Each structure stands twice: as structure tokens, then as C-alpha cells.
Amino acid sequence: MISLHASADDVNVYAGEFPPTIPQVHHFATEIGSSPLEQARQALRTAPTVSASQINFGFTGKEHWFAFKLLNRSSDSRELFLSLGNPLLDNIELFLFRVGETQPEYAISSGDQRPYHERPINHPHFVFPLQLAGDTSYEVILKIDATSSIQVPISLWEPSQFTAYNHKEASLSGALLGIIGIMAAYNLMLFLFLRDKGYLYFTAALASYALAEATLCGMAYAYFWPDNPVWNDKSLVFFINLCLAALALFTRSFLSLPERLPAMAQGFVHIAAWCLLCAALAFFASNTAMLKLSLLNIAVTPMFGYFTGLYLLRSNFRPARYFTLAYTFLVFASLVFCAGKFGLLPLNGVTGHATQFGVVGMVLALSLALADRLKGEKSAREFAQLQATENLEKYRAIYENSLEGMFRLDAKGALMACNPAFAQLLGARNEKELVSNTRDLTGMIPLQEDARRLFFLSLKQYGHVFGFEARCQRLDGKQFWATIFARQILTPGGPGFVEGSIVDITEKKENEQQLHYLARHDPLTGLLNRTEFEYRLNSALLRSREQGLHHALLFMDLDQFKIVNDTSGHAAGDELLRQIAVMFRQHLRERDSLARLGGDEFGILLERCGIEKASEIAHRLRNEVSEFRFALKEKVFSVGVSIGIVPITAATPSIEEIFSLADTACYAAKDAGRNRIIVHNEKTGEIIRRQSEMQVVTALQEAIKQNQLVLYKQNIGALKPELCGERYEILVRLKQGADILPPGAFLPAAERYNIIRSLDRWVIDAYFKWLHARPGQLERLSQVNINLSSQTINDSEFADFLLSAFSKYSIPLDKVCFEITESSAISSLVETTALVQNMRAKGIKFALDDFGSGFSSYSYLKSLPVNSLKIDGSFVRDILSDPVDLAMVRSITEVAHIMGLNVVAEFVENEETVERLKSLDVDFVQGYHIHKPMPL
């Protein structure tokens, strides 16, 4: 090949010399078909020159004219070859003029729009023969247009030298395509052997690139489709985009992107889809537009793969090492190739062969990557085999030493193999003995026919059975409960077998039965518990409604039971309950139900029993209990039983109503003197009162939960000017609809049914919360009085609650005084004294309320460290007319003052009473005359 030098002189051809160089050519471009030959020849004489070896104008869409002169200084004629180093030029016309002549000596037309055999010389590039006469000057004119990039390196050759050069270029191209073909075949074999799609994608990418490279250098047109110029025009775009699509999918697979970077994996799928779309558009869209778009794809697609490899390289992903190196070659080559095609870089050996260099580097790097991957996979397989061997040994150890019985049965149920635990479970000495002596286990596991049928039906239908519980049998005939896990293994062409495991759950089953029994029975007496009794009671009620049957409920509460517990301990009480339960059983029919409902309460459901018969049974039971003597060591106890009877008919609304009526009747029997029997009757006044109380209790409990109680206050007036500050007593009312119930309507029921403690706590918490939200009220307050019940005083947890409330709402302790009635204090003197002393030590005040109405023993005042006395209103009301009441008030006041206590007189209803109390030196007065209660 002749090197070209930048010179504007004519090209001289001397005899015997190598082909002359073409230093510069004249060039101009115009719209296609707009310049006739002669006009173009004239324009070329003044057109600028360009280097003949570096003609690169990119995508112009125009017609390009080139011209240079040749002077044959030899006397002999000479033949040269003019070569255009671009096989993708659409139309080429060569005109050879003798200098000074107006008509060309000859003209030759060529281009890739014509069949290959029409070329003047069969060569992948465009080669034209030039016949030069001796001592003659010639002018060579070329007209070229193409939809691809206008890259036209022009060179002159001696025919013999051109043949040698052509052989060299063909060898290089063949070597490159051969290397790529070998790698493609190798990866195809790997795919067929390993079934890894990554190798298939890489094979497709290499094969597509080889075809694209063959098209780019003209070899494909020369050897594959020489008579199909239309396909040759589209093939480059098609194979380039097909290669890029396969490369994107290879990147996705090789880097394991679906597992490592799912979003990026989806991105490469989209890139592949876009490239395949571009390949399809090659047959429909403009070739120039598709070539430009393909070059953009060549620049972008490898770039995505390159940056993905870099990202994974940072996370020490081993396959990313060689992959990133391979893509470094490809990205650099792609950018250089695209820049050259767009005319941004000069045409030279680097830009002309950039893709070849890049692909060779990429193939070598990826070959290392694939070899490294195969090595890694081999190591992984070896490690997996080692792990499998170790796991097999571990499984064998587990199988041999497992506490679960493991077995294998053939299709007919014969035992094929088992572990020691299975043999031991069935009572054999070892597994060999069991396998050799036991041919059929289907009659033993499971034992019962129905369970066995269900087991094998499930196994056949689903292929496995998990957690199947059934009764089984050992070789010696003993039965046990077991959980069976089994699965059916199908073998090709054979009947298959069943393998599984079995666990002895006899103890678990016994525990479940025990739990089931305990869930329905009282553990102390063995009687039914309340839950089971309610279930049977509900069933009886349903039968009453459906069949019109009559039943009866006996609700029984032992009398004097607390005495046994308190004097001899709970163990004695438990023994008494067991003996009473045995006694009750003796008087019941088989269909009757006896239950311990809680504590010392019992219930009997008498099915199909009228009220008269139920009363007869109740009297018999009461008499039996009355005559019974419970002897414990040297002590003998007698007890009684109070019984409430309720009929159960179709009109009975619910079991809740039955229990409510029975409980009411029982307590009415206790109030009537204990050891009595009360039959529920709608006309019985005591029961009606009890029911009314229970309704009030229900409403009170709901009011406490829903904060529907209302706080009132009643001011306390001071009779001495030095006793200043606001003082009042907190009262509570129950709101029912539009009505406000006074304390007398609900407090007795609250005390009777043990909810007075909840009420006391609600009052304290609600008032403290109200006072905390009103700092002005708290500042004006000198003392507030709050009542406490005897049940609250006896509550061991009340002190902690009280101190917590003071702390929670930041209430000063010395501003609160708790009132305790005289009767409450005396009935639990020890507990009251302890509470008062403990709280007074912290600064809380106490008052003894209703003093004089109870025991009226002054000696108790020494034991109770209270701050004040409230004289009962029964003495104050008639103080003006009754000298005894006057003397009592005077006496109480004098004694209280001697002990340092303040005195409050209640029920003050007129001014005359106020004046008389002043004369008696009473400190405070309270009553309707002073202030009527009002809501807070």
C-alpha cells in the first residue's frame, strides 16, 4: 500500500517504481444529482484539497466529488488499481480524462446497490483498474454518494502488490472471524452441556458480531449474499442490534442481576427488547436513520454493562473482575468506532479497526472470565459433593440415633427398612428382627379400621400425610397413640413405596384427656365446673323450648363455711368441700348435673323435674347437711346450706337470668336466717328487692366503667372566725337516664355486692383529677372531706393506690380528710388503726363520721388517731328540744376538744341550732341550712 503525503502536486508515475502516492485530492459536495459531470469538473479545479488517505465526512446525505491528476513519465503504458477502502458506498462513478480532453477516456460505475458480480474487479472493497498510456497526463474524477458514513480512503496499487496486500488483509480478517467463530462454537457446546442460557446469549452475540464485521469489511457481500444488494444494505443494522440484544441478555445472566440487582436486570431486558426492535426496523426505516441509531446503541449498551460491572466490582463480586475488563475494551472501541463514523475522529488504522481491537480484547477477557466461572462452578460442585457426603453421614447418624421411628414400606404394606427407634417402639429387639419377622404392618399402624382406611386414602389422594394421629399396636398387643408422617415415593415403572416417621404421643394424649377433664371439672371436688354446668344448663333450656320440658336449678351456698377456713385453715375447708360433694352426689339421679360454681357455692340441675320435686330434694339435702358433723382432729364443726330454687321452662329467657334469679333466691334464704330454702316466685318481696338491688349494682358497675357517676359537694361552715378557708364534703350520685339517684338508692347494694371499693377509688380519682385541672380551686381549698367504706379500709392495696393518686395529680396531702364511720372503724379496729396511723404520718387527715350512732365508746378514740369527730345528726336534729341530745353533744364536744380534735355537727337545719352549737363550742356545722349539695 502506498503512503500518502500532503501535497498539491500532480502524481508522477515513473517506470519501474512502486505505485505513486496520492497526496491530496480536490473535493466538493453538492446535493445528489444537482451537478453534471462537466460542471463538477470545472468546480473541482478550484475546490479545496483534502488528504486522500483520511477522507471522512460522516453522515452527510450529499453527493461528493473528488479529483486528482496522474502523469505517467514512462514511455510504456502502465496498469494501476485505484482502491476505495469502504465497502458500504451506495453509488460510485469513476471518470478517466486525458488532460485537456473534454470527453472521458472511459467511465466505470459501481456501488453496493449493484450485484457483486458487476464490480470491475471482484473484491470486498471497490477496486477500479486504471490503464495509463506512456508519457501521458490523466485526470481522475470520482462521484460518490452513500446512506452510510462517507469514509473514502483512496489508494493506488500495483496489481501484484495489491494482491499481496489483499492476501494479508484477508488473513487478518479471517483470523479475527475464526477466533470469534471458535469462541462461539465453544460457548454453544457449553450451553448444550450445562444448559446455562448465559452461554447461549454469548454465542448469539459473537455470531452476530462476526456477521456484522463480515458485512462491514465487505466479505459477507462477496461470499454470502453477492446477488442480494437490498439485504446487504439492511444486514449491518440488523446484525449490530442483534449482537447488542444478545450482549445485554448475556450481561444480565453472567452477572446474576435478577438475584443481585433486580431493577437493573429489568433494565437490561428493556435494552435487549429495544435493540431487537431496532433490528426489526432495519427492514422498514431509512437506512441512514437506522445506522445513526445503531451507532448510538453501540455507544450506550456497552456503557450500561460497564458501569454495572464497576458497581458489582465494588461489592467484591468475583465474576465482575474479568467482565469489567472485557467491557473496558468494548466501551473504548465502541466510542472510537462511533466517533470515526460520525467524522469526529480522523480515519486511520486505529479508528478503522477499533471494533476489531475491542472485540479481540473483550473475547480474551471474557474467555478468562468464563474459565474462572467454570473453575468456580467446579469448585462449587466439588464442595457440594463434599457437603452431600457429609450430610449423608449426618443423615445416617440422625437416622440411626433419632428418637423418632423411621420406616419404609412397600406398596403392599410390608416393612422394607426401619431405624432402631421404630423397632423399639413396636417392641422388637432390633430393626433386623422386626424387618425379617414382620411382613405386614397395616393391621398395626394404624390399629383401627376406620383410621387405617382414612390414612391410606389421604396418602393416595395427596401423596403425603402429615401429623396423622391414630391408635397403634405393638408386637405384644399393647396399644399406644402415635403421630404418623408419611409420603408416597413413586418410582419409574414400579409400584413405588411409602416412607415416613412415627412418634409415640401416648403421654401427650393422656395429658390432653386430663386437660379436657380439668376443663370441664372442678379439680378439688371432681364435680362439674361452672363452664360445663352453664353448657348443660343452656342445653336444658333449649330442650325446654323445643319439647316443653320443665327443669329446676338449685343454687346452694354453705353457711358457716368461713368459720372452718378461719379456724382450721384452707386445707380443712377443702376437705369439707370434698365431703359435702360426696354427700350431694348420693341424692341425685344419673341425669342430674352437680357442679361446684365457686368457693362454697354449688349448683344442681334437675332435669325433667317439677318445682315440688325439686323442693323435696332441696329439703333432703338441707337436712343432710344440717345433720352432718365435720370432725377435724379435736374440733367438730356443723354447717348449714342456704338454697335458692328456680324453675326452668320454655318462658325462661336465658341462663344469665336463671343464675341471677337463683343467686337472688339463695341470698334471700341467707338473709332470712340462713339454712333456709327459698323458691323463686315473682310475688316474693324479698326476691324482688334483691333483683332490684342487682339491677342497681349492674347499673353502678357500668357507671364506674363509663364515668357516668356525678360528684356533688356540700359546704361545711366554720363557727369560729379563726377557722377560715373553703371546706366541703364530696358526695356521689348515680345518673340513670334523666334521673339522679341519691346515695341511699345504691350504696347498700354496692356494699352488699362488694363493689364499694371500686366506687371509693372512682370518687378519689375523679375528684383529684377535677381539682388538678383547677389550680384556683386548689388554692382556695382549706379542706375537703371524702368518705371511705369499711371494705376499702380493709383493702391491703388501698394505701398504695391512695399515695399514687396524690402523686399523680399533685394534691397536697394536708388538704384532704377521709371520713370513716364509727361502726366501720369499730368492726375492723386493727385495720382501721393501721391505715390511719400510716396515712397520718404522711400528713393526711381523718375524721370519725356518725359518732354516737354506734358503739359510742370513748375508749376507742384513744386507739384511733383521727383529727376530728362528726357528731351523728340524730343527736343534732333535736338538740333544741331534747336535753339528752344536748347533753350528748356537749359531752362529745368537750371530750373531743380535750383530745385535740375538731368537732363537726351534722344535720343543721335552722339558725337556732347554729346558735346553740356555738354556745357548746362546736367548731363546724353541716346541713341543709348551711348549704344544700350541688354538683361540682
# chains A, B, ... in the order shown; residues from 1 in each chain; ligands from 1
>>> residues_around(residues="range 137-146 of chain A", least_positions_apart="3", cutoff="8 Å", atoms="only C-alpha atoms", output="ChimeraX atom specification")
/A:32,41,61-72,88-99,132,149-150
>>> residues_around(residues="Val922 in chain A", least_positions_apart="3", cutoff="7 Å", atoms="only C-alpha atoms", output="list in words")
Thr893, Val903, Val904, Leu917 and Lys918 of chain A
>>> select_by_dssp(residues="range 791-820 of chain A", states="strand (DSSP E)", output="NGL selection string")
:A and (816-820)
>>> residues_around(residues="range 188-204 of chain A", least_positions_apart="2", cutoff="7 Å", atoms="only C-alpha atoms", output="CSV table (one decimal) with all heavy atoms, in the first residue's frame")
chain,number,residue,atom,x,y,z
A,184,ALA,N,-17.5,-18.8,19.7
A,184,ALA,CA,-19.0,-19.0,19.6
A,184,ALA,C,-19.3,-20.5,19.7
A,184,ALA,O,-20.2,-20.9,20.4
A,184,ALA,CB,-19.5,-18.4,18.3
A,185,ALA,N,-18.6,-21.3,18.9
A,185,ALA,CA,-18.8,-22.8,18.9
A,185,ALA,C,-18.5,-23.3,20.3
A,185,ALA,O,-19.3,-24.2,20.8
A,185,ALA,CB,-17.9,-23.5,17.9
A,186,TYR,N,-17.5,-22.9,21.0
A,186,TYR,CA,-17.1,-23.3,22.3
A,186,TYR,C,-18.3,-23.0,23.3
A,186,TYR,O,-18.7,-23.9,24.1
A,186,TYR,CB,-15.8,-22.7,22.7
A,186,TYR,CG,-15.4,-23.0,24.2
A,186,TYR,CD1,-15.1,-24.3,24.6
A,186,TYR,CD2,-15.4,-22.0,25.1
A,186,TYR,CE1,-14.7,-24.6,25.9
A,186,TYR,CE2,-15.0,-22.3,26.4
A,186,TYR,CZ,-14.7,-23.5,26.8
A,186,TYR,OH,-14.4,-23.8,28.1
A,206,LEU,N,-21.5,-13.3,19.8
A,206,LEU,CA,-20.3,-13.5,18.9
A,206,LEU,C,-20.7,-13.7,17.5
A,206,LEU,O,-20.1,-13.2,16.6
A,206,LEU,CB,-19.5,-14.7,19.5
A,206,LEU,CG,-18.8,-14.4,20.9
A,206,LEU,CD1,-18.2,-15.7,21.3
A,206,LEU,CD2,-17.8,-13.3,20.8
A,207,ALA,N,-21.7,-14.6,17.3
A,207,ALA,CA,-22.1,-14.9,15.9
A,207,ALA,C,-22.7,-13.7,15.2
A,207,ALA,O,-22.3,-13.4,14.0
A,207,ALA,CB,-23.2,-16.0,15.9
A,208,SER,N,-23.4,-12.9,15.9
A,208,SER,CA,-24.0,-11.6,15.3
A,208,SER,C,-22.9,-10.6,15.0
A,208,SER,O,-22.9,-10.0,13.9
A,208,SER,CB,-25.0,-11.0,16.2
A,208,SER,OG,-26.1,-11.9,16.5
A,243,CYS,N,-26.6,-8.3,17.9
A,243,CYS,CA,-25.5,-8.6,18.7
A,243,CYS,C,-25.6,-7.8,20.1
A,243,CYS,O,-25.4,-8.4,21.1
A,243,CYS,CB,-24.2,-8.1,18.0
A,243,CYS,SG,-22.7,-8.1,19.0
A,246,ALA,N,-28.2,-9.6,22.3
A,246,ALA,CA,-27.7,-10.8,22.9
A,246,ALA,C,-26.7,-10.4,24.0
A,246,ALA,O,-26.6,-11.0,25.1
A,246,ALA,CB,-27.0,-11.7,21.9
A,247,LEU,N,-25.9,-9.3,23.8
A,247,LEU,CA,-24.9,-8.9,24.8
A,247,LEU,C,-25.6,-8.4,26.0
A,247,LEU,O,-25.1,-8.6,27.1
A,247,LEU,CB,-24.0,-7.8,24.1
A,247,LEU,CG,-22.8,-7.4,24.9
A,247,LEU,CD1,-21.8,-8.6,25.0
A,247,LEU,CD2,-22.1,-6.2,24.2
A,249,LEU,N,-28.5,-9.4,27.2
A,249,LEU,CA,-29.0,-10.6,27.9
A,249,LEU,C,-27.9,-11.4,28.6
A,249,LEU,O,-28.0,-11.9,29.7
A,249,LEU,CB,-29.8,-11.5,27.0
A,249,LEU,CG,-31.1,-10.8,26.5
A,249,LEU,CD1,-31.8,-11.8,25.5
A,249,LEU,CD2,-32.1,-10.5,27.6
A,250,PHE,N,-26.7,-11.4,27.9
A,250,PHE,CA,-25.5,-12.1,28.4
A,250,PHE,C,-25.1,-11.4,29.7
A,250,PHE,O,-24.8,-12.1,30.7
A,250,PHE,CB,-24.4,-12.2,27.4
A,250,PHE,CG,-23.1,-12.6,28.0
A,250,PHE,CD1,-22.9,-13.9,28.4
A,250,PHE,CD2,-22.1,-11.6,28.2
A,250,PHE,CE1,-21.6,-14.2,29.0
A,250,PHE,CE2,-20.9,-12.0,28.8
A,250,PHE,CZ,-20.7,-13.3,29.2
A,253,SER,N,-27.4,-12.3,32.6
A,253,SER,CA,-27.2,-13.6,33.1
A,253,SER,C,-25.9,-13.8,33.8
A,253,SER,O,-25.8,-14.4,34.9
A,253,SER,CB,-27.4,-14.6,31.9
A,253,SER,OG,-27.1,-15.9,32.3
A,254,PHE,N,-24.8,-13.3,33.1
A,254,PHE,CA,-23.4,-13.6,33.6
A,254,PHE,C,-23.2,-12.9,35.0
A,254,PHE,O,-22.6,-13.5,35.9
A,254,PHE,CB,-22.4,-13.1,32.7
A,254,PHE,CG,-21.0,-13.4,33.0
A,254,PHE,CD1,-20.4,-14.6,32.7
A,254,PHE,CD2,-20.2,-12.5,33.7
A,254,PHE,CE1,-19.1,-14.9,33.1
A,254,PHE,CE2,-18.9,-12.8,34.1
A,254,PHE,CZ,-18.4,-14.0,33.8
>>> atom_distance(atom1="CA of Ser53 in chain A", atom2="CA of Thr102 in chain A")
28.0 Å
